[in-house]
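What follows is the content of protein-v9.cif, which has mmCIF, C-alpha atoms:
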```
data_final
#
loop_
_atom_site.label_atom_id
_atom_site.label_comp_id
_atom_site.auth_asym_id
_atom_site.auth_seq_id
_atom_site.Cartn_x
_atom_site.Cartn_y
_atom_site.Cartn_z
CA MET A 1 -6.03 -8.21 -28.35
CA THR A 2 -2.73 -10.09 -28.26
CA ASN A 3 0.87 -9.04 -28.39
CA SER A 4 4.10 -10.89 -29.12
CA ARG A 5 7.38 -10.55 -27.31
CA ALA A 6 10.63 -10.18 -29.20
CA ASP A 7 11.41 -13.88 -28.64
CA GLY A 8 8.23 -14.87 -30.45
CA VAL A 9 6.38 -16.17 -27.39
CA PRO A 10 2.76 -15.05 -27.63
CA GLU A 11 1.22 -13.04 -24.83
CA THR A 12 -2.40 -13.18 -23.84
CA GLY A 13 -4.42 -10.26 -22.64
CA TRP A 14 -6.43 -7.32 -23.83
CA ARG A 15 -5.01 -3.82 -23.79
CA TRP A 16 -8.24 -2.25 -22.47
CA ALA A 17 -8.61 -4.66 -19.54
CA PRO A 18 -6.55 -2.50 -17.13
CA ALA A 19 -8.82 0.47 -17.81
CA TRP A 20 -11.88 -1.54 -16.76
CA VAL A 21 -10.25 -2.64 -13.51
CA LEU A 22 -8.99 0.84 -12.62
CA ALA A 23 -12.38 2.40 -13.41
CA TYR A 24 -14.10 -0.18 -11.19
CA VAL A 25 -11.80 0.57 -8.23
CA ALA A 26 -11.85 4.35 -8.72
CA LEU A 27 -15.66 4.31 -8.67
CA TRP A 28 -15.99 2.47 -5.34
CA PRO A 29 -17.26 5.66 -3.63
CA ALA A 30 -20.21 5.55 -6.06
CA PRO A 31 -21.41 1.93 -5.74
CA GLY A 32 -24.02 2.17 -8.49
CA TYR A 33 -21.49 3.29 -11.08
CA ALA A 34 -18.91 0.74 -9.92
CA GLU A 35 -21.53 -1.99 -10.27
CA ALA A 36 -22.34 -0.78 -13.78
CA VAL A 37 -18.66 -1.01 -14.73
CA LEU A 38 -18.56 -4.54 -13.29
CA VAL A 39 -21.62 -5.72 -15.22
CA ILE A 40 -20.58 -4.14 -18.52
CA GLY A 41 -17.05 -5.46 -18.03
CA ALA A 42 -18.46 -8.94 -17.42
CA LEU A 43 -20.42 -8.78 -20.67
CA VAL A 44 -17.36 -7.55 -22.55
CA ALA A 45 -15.24 -10.34 -21.07
CA MET A 46 -17.78 -12.97 -22.12
CA TYR A 47 -17.80 -11.60 -25.67
CA MET A 48 -14.01 -11.45 -25.84
CA LEU A 49 -13.63 -15.00 -24.51
CA VAL A 50 -16.17 -16.44 -26.93
CA ARG A 51 -14.57 -14.54 -29.80
CA ALA A 52 -11.11 -15.73 -28.81
CA ARG A 53 -12.26 -19.33 -28.59
CA PHE A 54 -13.76 -19.20 -32.06
CA ARG A 55 -10.47 -17.79 -33.37
CA GLY A 56 -8.54 -20.56 -31.62
CA GLY A 57 -6.58 -20.73 -28.40
CA THR A 58 -6.91 -18.85 -25.13
CA ARG A 59 -6.00 -15.41 -26.42
CA LEU A 60 -7.55 -13.36 -23.64
CA LEU A 61 -6.27 -15.41 -20.70
CA SER A 62 -3.90 -18.33 -20.32
CA GLY A 63 -5.49 -21.68 -19.62
CA PRO A 64 -3.96 -22.11 -16.13
CA ALA A 65 -4.95 -18.54 -15.12
CA TRP A 66 -8.45 -19.09 -16.42
CA ALA A 67 -8.71 -22.35 -14.47
CA LEU A 68 -7.35 -20.98 -11.17
CA THR A 69 -9.54 -17.87 -11.34
CA SER A 70 -12.60 -20.06 -11.95
CA VAL A 71 -11.68 -22.49 -9.16
CA MET A 72 -11.19 -19.69 -6.64
CA PHE A 73 -14.50 -18.13 -7.64
CA ALA A 74 -16.19 -21.52 -7.28
CA ALA A 75 -14.73 -21.88 -3.77
CA TYR A 76 -16.36 -18.53 -2.95
CA TRP A 77 -19.68 -18.97 -4.80
CA LEU A 78 -20.62 -22.63 -4.30
CA PRO A 79 -20.99 -22.22 -0.49
CA ARG A 80 -23.45 -19.39 -1.15
CA PHE A 81 -25.44 -21.55 -3.57
CA ILE A 82 -25.49 -24.61 -1.31
CA SER A 83 -26.52 -22.59 1.75
CA ALA A 84 -29.52 -21.11 -0.08
CA PHE A 85 -31.75 -24.20 -0.13
CA ASP A 86 -32.92 -24.20 3.49
CA THR A 87 -32.28 -20.65 4.63
CA PHE A 88 -34.89 -18.12 5.80
CA ASP A 89 -35.99 -17.20 2.27
CA PRO A 90 -34.73 -19.83 -0.21
CA PRO A 91 -36.11 -18.25 -3.42
CA ARG A 92 -34.53 -14.89 -2.60
CA ALA A 93 -31.27 -16.56 -1.55
CA LEU A 94 -31.10 -18.54 -4.80
CA LEU A 95 -31.78 -15.36 -6.77
CA ASP A 96 -28.96 -13.60 -4.91
CA ALA A 97 -26.63 -16.52 -5.65
CA ALA A 98 -27.55 -16.41 -9.34
CA ALA A 99 -26.89 -12.66 -9.42
CA ASP A 100 -23.41 -13.25 -7.98
CA LEU A 101 -22.47 -15.19 -11.11
CA ARG A 102 -21.94 -11.82 -12.81
CA HIS A 103 -18.62 -11.64 -10.98
CA LEU A 104 -17.08 -14.64 -12.77
CA PRO A 105 -16.63 -13.16 -16.27
CA PHE A 106 -15.51 -9.89 -14.69
CA LEU A 107 -12.85 -11.82 -12.77
CA TRP A 108 -11.64 -13.25 -16.07
CA LEU A 109 -11.32 -9.66 -17.27
CA VAL A 110 -9.41 -8.72 -14.09
CA ALA A 111 -7.06 -11.66 -14.62
CA ALA A 112 -6.62 -10.58 -18.26
CA SER A 113 -5.58 -7.12 -17.02
CA VAL A 114 -2.37 -8.69 -15.64
CA ALA A 115 -1.94 -11.36 -18.32
CA ASN A 116 1.16 -9.82 -19.91
CA SER A 117 3.96 -7.59 -18.76
CA GLU A 118 2.63 -4.35 -20.24
CA SER A 119 -0.92 -4.82 -18.93
CA ARG A 120 0.39 -5.93 -15.57
CA ARG A 121 2.52 -2.79 -15.28
CA ARG A 122 -0.45 -0.58 -16.15
CA THR A 123 -2.81 -2.33 -13.74
CA PHE A 124 -0.50 -2.50 -10.72
CA THR A 125 0.86 1.02 -11.27
CA GLY A 126 -2.64 2.39 -11.75
CA LEU A 127 -3.90 0.73 -8.58
CA ALA A 128 -0.88 2.05 -6.67
CA ILE A 129 -1.61 5.59 -7.91
CA ILE A 130 -5.26 5.30 -6.87
CA VAL A 131 -4.26 4.17 -3.37
CA ALA A 132 -1.70 6.99 -3.18
CA VAL A 133 -4.39 9.53 -4.09
CA TRP A 134 -6.67 8.11 -1.40
CA VAL A 135 -3.87 8.30 1.16
CA GLY A 136 -3.04 11.90 0.22
CA ASP A 137 -6.71 12.84 0.39
CA ALA A 138 -7.01 11.30 3.87
CA LEU A 139 -3.90 13.16 5.06
CA LEU A 140 -5.49 16.41 3.86
CA GLN A 141 -8.64 15.50 5.78
CA SER A 142 -6.56 14.94 8.92
CA VAL A 143 -5.27 18.52 8.61
CA THR A 144 -8.30 20.40 7.26
CA GLY A 145 -11.17 18.26 8.51
CA THR A 146 -12.51 17.74 4.99
CA SER A 147 -11.81 15.11 2.37
CA PRO A 148 -11.44 16.93 -0.98
CA LEU A 149 -12.34 13.78 -2.91
CA PHE A 150 -15.48 13.10 -0.93
CA ALA A 151 -16.47 16.77 -1.10
CA MET A 152 -16.34 16.61 -4.91
CA ILE A 153 -18.29 13.34 -4.98
CA ASP A 154 -20.87 14.76 -2.57
CA GLN A 155 -21.32 17.92 -4.65
CA ALA A 156 -21.78 15.84 -7.79
CA LYS A 157 -24.38 13.73 -6.01
CA HIS A 158 -26.22 16.89 -4.95
CA ALA A 159 -26.20 18.18 -8.51
CA ILE A 160 -27.53 14.88 -9.88
CA SER A 161 -30.12 13.88 -7.29
CA GLY A 162 -30.61 16.88 -5.01
CA HIS A 163 -29.21 15.16 -1.91
CA GLY A 164 -25.76 14.17 -0.67
CA MET A 165 -24.01 10.86 -0.24
CA CYS A 166 -24.60 10.78 3.54
CA PRO A 167 -27.24 12.04 5.99
CA ALA A 168 -26.54 15.48 7.40
CA ASP A 169 -25.87 14.18 10.92
CA ALA A 170 -23.35 11.53 9.79
CA ALA A 171 -20.39 13.90 9.62
CA ALA A 172 -21.15 15.29 13.06
CA SER A 173 -21.05 11.85 14.70
CA VAL A 174 -17.96 10.43 12.97
CA ASP A 175 -14.89 10.04 15.19
CA ARG A 176 -12.27 8.94 12.67
CA LEU A 177 -10.88 9.65 9.22
CA SER A 178 -13.43 8.65 6.61
CA GLY A 179 -11.57 9.77 3.49
CA PHE A 180 -12.97 9.33 0.02
CA LEU A 181 -15.69 6.92 1.21
CA GLY A 182 -17.37 9.52 3.43
CA PRO A 183 -18.64 9.56 7.03
CA CYS A 184 -21.40 7.03 6.44
CA ASN A 185 -19.09 4.39 4.99
CA LEU A 186 -16.26 3.98 7.50
CA LYS A 187 -14.16 1.39 5.68
CA LEU A 188 -11.18 3.59 4.84
CA GLY A 189 -8.73 1.79 7.15
CA GLN A 190 -9.57 -1.69 5.89
CA VAL A 191 -9.49 -0.67 2.22
CA ILE A 192 -6.16 1.14 2.46
CA ALA A 193 -4.59 -1.64 4.55
CA SER A 194 -5.66 -4.38 2.14
CA LEU A 195 -4.47 -2.54 -0.97
CA SER A 196 -1.33 -1.04 0.59
CA PRO A 197 0.97 -3.83 -0.75
CA LEU A 198 0.34 -2.47 -4.25
CA LEU A 199 1.45 1.04 -3.23
CA LEU A 200 4.45 -0.16 -1.23
CA HIS A 201 5.57 -2.40 -4.08
CA GLU A 202 5.43 0.45 -6.59
CA ALA A 203 7.19 2.85 -4.21
CA SER A 204 10.04 0.38 -3.60
CA ARG A 205 10.29 -0.49 -7.28
CA ARG A 206 10.71 3.14 -8.27
CA PHE A 207 12.52 4.64 -5.28
CA LYS A 208 13.97 1.60 -3.45
CA ALA A 209 14.06 1.67 0.38
CA PRO A 210 13.47 5.45 0.80
CA GLY A 211 10.32 5.23 -1.31
CA TRP A 212 9.05 2.24 0.65
CA LEU A 213 9.69 4.04 3.96
CA ALA A 214 7.93 7.24 2.87
CA ALA A 215 4.91 5.36 1.55
CA ALA A 216 4.77 3.12 4.63
CA ALA A 217 4.80 6.14 6.96
CA ALA A 218 2.03 7.95 5.07
CA VAL A 219 -0.16 4.86 4.89
CA GLY A 220 0.47 4.07 8.56
CA ILE A 221 -0.67 7.53 9.70
CA VAL A 222 -3.87 7.23 7.69
CA ILE A 223 -4.65 3.73 8.96
CA VAL A 224 -4.14 4.70 12.60
CA LEU A 225 -6.31 7.80 12.25
CA ALA A 226 -8.95 5.81 10.36
CA GLY A 227 -9.58 4.08 13.67
CA SER A 228 -10.18 0.48 12.64
CA ARG A 229 -8.05 -1.72 14.86
CA ALA A 230 -8.52 -4.64 12.48
CA SER A 231 -6.76 -2.59 9.82
CA TRP A 232 -3.89 -1.97 12.25
CA ILE A 233 -3.32 -5.73 12.40
CA THR A 234 -3.67 -6.04 8.63
CA TYR A 235 -1.14 -3.29 8.04
CA GLY A 236 1.26 -4.76 10.56
CA LEU A 237 1.24 -7.93 8.46
CA VAL A 238 1.82 -5.89 5.30
CA LEU A 239 4.87 -4.20 6.83
CA LEU A 240 6.22 -7.54 8.05
CA LEU A 241 5.74 -9.45 4.79
CA SER A 242 6.75 -6.59 2.51
CA GLY A 243 9.41 -4.80 4.52
CA TRP A 244 11.86 -7.60 5.20
CA ARG A 245 12.60 -7.99 1.48
CA VAL A 246 13.21 -4.26 1.05
CA LEU A 247 14.95 -3.42 4.34
CA GLY A 248 16.11 -6.64 5.93
CA TRP A 249 15.10 -7.80 9.40
CA LYS A 250 17.25 -5.39 11.42
CA ARG A 251 16.07 -2.21 9.73
CA LEU A 252 12.50 -3.53 9.68
CA ALA A 253 12.69 -3.94 13.47
CA GLY A 254 13.64 -0.27 13.62
CA VAL A 255 10.57 0.57 11.52
CA PHE A 256 8.30 -1.23 14.00
CA LEU A 257 9.97 0.53 16.91
CA PHE A 258 9.47 3.90 15.23
CA GLY A 259 5.87 2.94 14.50
CA ALA A 260 5.25 2.11 18.15
CA LEU A 261 6.66 5.49 19.19
CA ALA A 262 4.53 7.26 16.57
CA LEU A 263 1.43 5.44 17.82
CA ALA A 264 2.23 6.55 21.37
CA VAL A 265 2.54 10.16 20.23
CA LEU A 266 -0.77 9.95 18.37
CA ALA A 267 -2.39 8.41 21.44
CA LEU A 268 -1.26 11.39 23.50
CA THR A 269 -2.33 14.02 20.98
CA VAL A 270 -5.41 12.55 19.25
CA PRO A 271 -8.36 11.72 21.55
CA GLN A 272 -9.88 9.21 19.11
CA VAL A 273 -6.66 7.18 18.96
CA ARG A 274 -6.32 7.31 22.75
CA ASP A 275 -9.90 6.06 23.11
CA ARG A 276 -9.25 3.04 20.91
CA ILE A 277 -6.08 2.12 22.75
CA ASP A 278 -7.84 2.52 26.12
CA ARG A 279 -10.64 0.31 24.85
CA THR A 280 -8.19 -2.32 23.68
CA THR A 281 -6.45 -2.47 27.07
CA ARG A 282 -9.75 -3.43 28.73
CA VAL A 283 -9.04 -6.97 27.55
CA LEU A 284 -6.52 -7.17 30.40
CA ALA A 285 -9.27 -6.52 32.95
CA GLY A 286 -10.42 -10.12 32.64
CA ASP A 287 -14.17 -9.50 33.07
CA HIS A 288 -16.17 -10.85 30.11
CA ARG A 289 -18.07 -7.57 29.76
CA ASP A 290 -14.82 -5.60 29.63
CA ILE A 291 -13.50 -7.98 26.98
CA ASP A 292 -16.68 -7.62 24.92
CA SER A 293 -16.47 -3.84 25.24
CA ALA A 294 -12.81 -3.88 24.19
CA LEU A 295 -13.80 -5.88 21.14
CA SER A 296 -16.72 -3.50 20.33
CA GLY A 297 -19.22 -6.29 20.87
CA ARG A 298 -17.34 -8.85 18.80
CA GLY A 299 -17.29 -11.37 21.67
CA ARG A 300 -21.09 -11.45 21.75
CA ILE A 301 -21.23 -11.73 17.95
CA TRP A 302 -18.69 -14.55 17.86
CA LEU A 303 -20.61 -16.53 20.48
CA ALA A 304 -23.75 -16.11 18.37
CA ALA A 305 -21.87 -17.22 15.25
CA THR A 306 -20.61 -20.31 17.09
CA CYS A 307 -24.19 -21.09 18.09
CA MET A 308 -25.34 -20.82 14.46
CA ALA A 309 -22.54 -23.10 13.29
CA ARG A 310 -23.48 -25.64 15.96
CA GLU A 311 -27.20 -25.57 15.16
CA HIS A 312 -26.74 -25.51 11.35
CA PRO A 313 -23.48 -27.43 10.87
CA VAL A 314 -23.95 -28.69 7.29
CA ASN A 315 -24.68 -25.60 5.20
CA GLY A 316 -25.19 -22.83 7.74
CA VAL A 317 -28.00 -20.31 8.16
CA GLY A 318 -27.52 -18.87 4.69
CA VAL A 319 -25.28 -16.17 3.26
CA ARG A 320 -26.22 -12.67 4.50
CA ARG A 321 -28.88 -14.22 6.77
CA PHE A 322 -26.83 -13.70 9.95
CA ARG A 323 -29.05 -10.84 11.11
CA GLN A 324 -32.19 -13.01 10.89
CA ALA A 325 -30.55 -15.83 12.84
CA PHE A 326 -28.91 -13.61 15.45
CA PRO A 327 -31.88 -13.17 17.85
CA GLY A 328 -32.17 -16.95 18.21
CA CYS A 329 -28.48 -17.29 19.12
CA ASP A 330 -27.90 -14.02 21.00
CA PRO A 331 -26.01 -14.95 24.20
CA ALA A 332 -27.29 -11.82 25.98
CA PRO A 333 -30.87 -11.23 24.81
CA GLY A 334 -32.45 -8.03 26.06
CA ARG A 335 -29.15 -6.34 26.89
CA ARG A 336 -28.10 -3.35 24.83
CA ALA A 337 -25.23 -4.26 22.53
CA GLU A 338 -21.95 -2.39 22.14
CA TRP A 339 -22.84 -1.56 18.54
CA GLY A 340 -26.23 -0.06 19.44
CA ASP A 341 -29.76 -1.19 18.66
CA GLY A 342 -30.66 -4.04 16.36
CA PRO A 343 -29.09 -7.42 15.60
CA ALA A 344 -25.54 -7.99 14.45
CA LEU A 345 -25.27 -7.99 10.66
CA HIS A 346 -22.43 -10.48 10.16
CA ALA A 347 -19.85 -12.51 12.08
CA HIS A 348 -16.92 -10.03 11.75
CA GLN A 349 -14.49 -12.95 11.36
CA ILE A 350 -13.86 -14.91 8.18
CA VAL A 351 -13.87 -18.45 9.64
CA LEU A 352 -16.96 -17.80 11.76
CA GLU A 353 -18.70 -16.09 8.85
CA ILE A 354 -18.11 -19.09 6.62
CA LEU A 355 -19.08 -21.62 9.30
CA SER A 356 -22.20 -19.79 10.51
CA GLU A 357 -23.53 -18.82 7.07
CA THR A 358 -22.36 -21.72 4.87
CA GLY A 359 -21.51 -24.50 7.35
CA VAL A 360 -18.84 -27.18 7.15
CA ILE A 361 -19.45 -27.59 3.42
CA GLY A 362 -18.64 -23.94 2.88
CA LEU A 363 -15.49 -24.09 5.00
CA LEU A 364 -14.24 -27.16 3.12
CA LEU A 365 -14.83 -25.45 -0.22
CA TRP A 366 -12.98 -22.32 0.92
CA LEU A 367 -10.09 -24.47 2.14
CA ALA A 368 -10.05 -26.29 -1.20
CA GLY A 369 -9.77 -22.95 -3.00
CA ALA A 370 -6.97 -21.85 -0.66
CA ALA A 371 -5.16 -25.15 -1.28
CA GLN A 372 -5.32 -24.62 -5.04
CA ALA A 373 -4.01 -21.07 -4.67
CA TRP A 374 -1.14 -22.31 -2.49
CA ARG A 375 -0.40 -25.17 -4.89
CA ALA A 376 -0.14 -22.73 -7.79
CA TRP A 377 2.28 -20.58 -5.77
CA ARG A 378 4.34 -23.57 -4.68
CA TYR A 379 4.91 -24.84 -8.21
CA ALA A 380 5.43 -21.43 -9.84
CA ASP A 381 8.95 -20.32 -10.72
CA GLU A 382 10.62 -17.41 -8.98
CA ALA A 383 9.88 -14.93 -11.78
CA ALA A 384 6.16 -15.73 -11.59
CA ARG A 385 6.17 -15.37 -7.82
CA ARG A 386 7.97 -12.05 -8.07
CA GLN A 387 5.47 -10.56 -10.49
CA ALA A 388 2.49 -11.86 -8.47
CA ARG A 389 3.83 -10.89 -5.03
CA PRO A 390 1.92 -7.56 -4.65
CA ALA A 391 -1.42 -9.25 -5.36
CA MET A 392 -0.49 -12.27 -3.22
CA LEU A 393 0.36 -10.08 -0.22
CA ALA A 394 -2.85 -8.07 -0.60
CA LEU A 395 -4.89 -11.27 -0.73
CA VAL A 396 -3.13 -12.94 2.20
CA VAL A 397 -3.51 -10.00 4.58
CA THR A 398 -7.14 -9.50 3.55
CA VAL A 399 -8.18 -13.07 4.41
CA PHE A 400 -5.77 -13.52 7.35
CA PRO A 401 -7.92 -15.55 9.77
CA LEU A 402 -6.55 -14.22 13.10
CA ASN A 403 -8.27 -10.86 12.73
CA THR A 404 -11.71 -9.32 12.50
CA HIS A 405 -13.15 -8.66 9.05
CA LEU A 406 -15.84 -6.99 7.02
CA ALA A 407 -18.45 -9.30 5.47
CA PHE A 408 -16.87 -11.34 2.67
CA TYR A 409 -20.27 -11.98 1.14
CA SER A 410 -21.24 -8.31 1.04
CA THR A 411 -21.27 -6.53 -2.31
CA PHE A 412 -18.37 -4.21 -1.53
CA TRP A 413 -15.94 -6.36 0.45
CA GLY A 414 -16.80 -9.47 -1.53
CA GLY A 415 -16.08 -7.58 -4.75
CA LEU A 416 -12.72 -6.38 -3.41
CA THR A 417 -11.74 -9.88 -2.30
CA LEU A 418 -12.77 -11.48 -5.59
CA MET A 419 -10.76 -8.86 -7.48
CA LEU A 420 -7.68 -9.81 -5.44
CA PHE A 421 -8.33 -13.49 -6.26
CA ALA A 422 -8.21 -12.67 -9.97
CA LEU A 423 -5.19 -10.36 -9.76
CA TYR A 424 -3.29 -13.09 -7.97
CA ALA A 425 -4.26 -15.88 -10.38
CA GLY A 426 -3.76 -13.76 -13.48
CA SER A 427 -0.33 -12.42 -12.52
CA LEU A 428 1.01 -15.72 -11.16
CA LEU A 429 -0.05 -17.76 -14.20
CA ALA A 430 0.48 -15.21 -16.93
CA ASN A 431 1.93 -16.49 -20.22
CA ASP A 432 5.07 -14.41 -19.79
CA ARG A 433 5.74 -15.68 -16.28
CA VAL A 434 9.08 -17.16 -17.38
CA ASP A 435 10.45 -13.76 -18.32
CA PRO A 436 12.55 -12.44 -15.38
CA ALA A 437 12.78 -8.93 -16.81
CA ALA A 438 9.00 -8.60 -16.90
CA ALA A 439 8.74 -9.64 -13.28
CA ALA A 440 11.32 -7.18 -11.94
#
```

Represent the supplied structure as structure tokens.
Amino acid sequence: MTNSRADGVPETGWRWAPAWVLAYVALWPAPGYAEAVLVIGALVAMYMLVRARFRGGTRLLSGPAWALTSVMFAAYWLPRFISAFDTFDPPRALLDAAADLRHLPFLWLVAASVANSESRRRTFTGLAIIVAVWVGDALLQSVTGTSPLFAMIDQAKHAISGHGMCPADAAASVDRLSGFLGPCNLKLGQVIASLSPLLLHEASRRFKAPGWLAAAAAVGIVIVLAGSRASWITYGLVLLLSGWRVLGWKRLAGVFLFGALALAVLALTVPQVRDRIDRTTRVLAGDHRDIDSALSGRGRIWLAATCMAREHPVNGVGVRRFRQAFPGCDPAPGRRAEWGDGPALHAHQIVLEILSETGVIGLLLWLAGAAQAWRAWRYADEAARRQARPAMLALVVTVFPLNTHLAFYSTFWGGLTLMLFALYAGSLLANDRVDPAAAA
């Protein structure tokens, strides 16, 4: 379970931890199997931690990494627990909160997967390869119209259960790249954008600036064609925060100029891209309905979220209870929404999601977790920062507040965000963080 460096300093970690993390991420297209890996991994982590404690010391995970991972999970989970007591269905909400505790030991396992230099290399390289495969698959879909990865997953699903991953009419109605997640799960842009720092870091580490540029171009094409404008903002942040270290400010400015020209060409040649740009420009029209249309109904949702936060300021309406509260706060009742029939499912913005579903208490707890994460970064040495930078960038762009977001308390996006919490804490506070060679 443990290794020792040549200088005699012990390293924590477990050599199989990276395999658990990579299996979990690779199985995201099959949520049931990914959840099974998470639960089994959580049980394994609990056993390993108890066993390590009985044998003395923190041999799976360093004490500071264990503490920061736990604190960041608490900042995420406690708002859910506190909001459950007076929500629409308190017993069910408390049961859901209890079920979410399964994530904590798995996060310890994720942090252990980057607890020493060898495990960290395997985990970050493996994640970069997975993202590269997803990007290549999406590029093939842009040319052929079919995602090879999703086609294989869909065929396997047919063989197992007799039906596919998506309804038959889903593919006909999709207007963007769906990639490995398929036409009924259009999160490709957000997923690739959030995890792209891992791929760009590996590309620059191996191939310097040319590798970074090639990877950035491939990822950028996929994100634009995936159609999510929120992911465009996320990826712009990734390029800004990652590129200046690799290229310098002048060459990075050239990258953004080239990107703008490429976006213009895609807008002229791809109807779906042109439609999204046309929709975005409606904001300039000034009419509130044009603005709401440009934001795909987000304006109406954000007004409703503000209403919920005002009417339930202490602990919100309850996590994942936005849809039940929406009719009572809908600013335009009776009018067909931009997203179609039915209520909005979540706030589509991290601050409004936290305020509307968990109240001021939830926001304060999230801010406390962010403060602890920042404090750890501030007091870490340069080697520790260098080895944690890919995970830090992925986490920062994922929770960047001046953007729209998927639901952070949903199973999928919440699991992705929690994983980034643990990768950040585990790599920043690893036992070998003083070793500059390991961080390079």

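The nearest approach to A:Cys166 among the residues A:Pro29, A:Pro148, A:Pro390, A:Gly189, with only C-alpha atoms taken into account, belongs to A:Pro29.
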
For the PyMOL selection byres ((chain A and resi 15) around 9), applied here, can you spell out every residue it catches as a VMD selection string?
chain A and resid 1 to 2 13 to 14 16 to 19 112 to 113 118 to 119

Nearest residue to A:Arg276 from the set A:Leu225, A:Val255, A:Leu95, A:Ala430 (distances using only C-alpha atoms)
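Of A:Leu225, A:Val255, A:Leu95, A:Ala430, the one nearest A:Arg276 is A:Leu225, counting only C-alpha atoms.
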
Separation of atom CA of A:Ala128 from atom CA of A:Tyr409, in Å and rounded to one decimal:
25.2 Å

Between atom CA of A:Ser427 and atom CA of A:Val110, measure the distance and give it in Å to one decimal.
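Computing the Euclidean distance for atom CA of A:Ser427 and atom CA of A:Val110 yields 9.9 Å.
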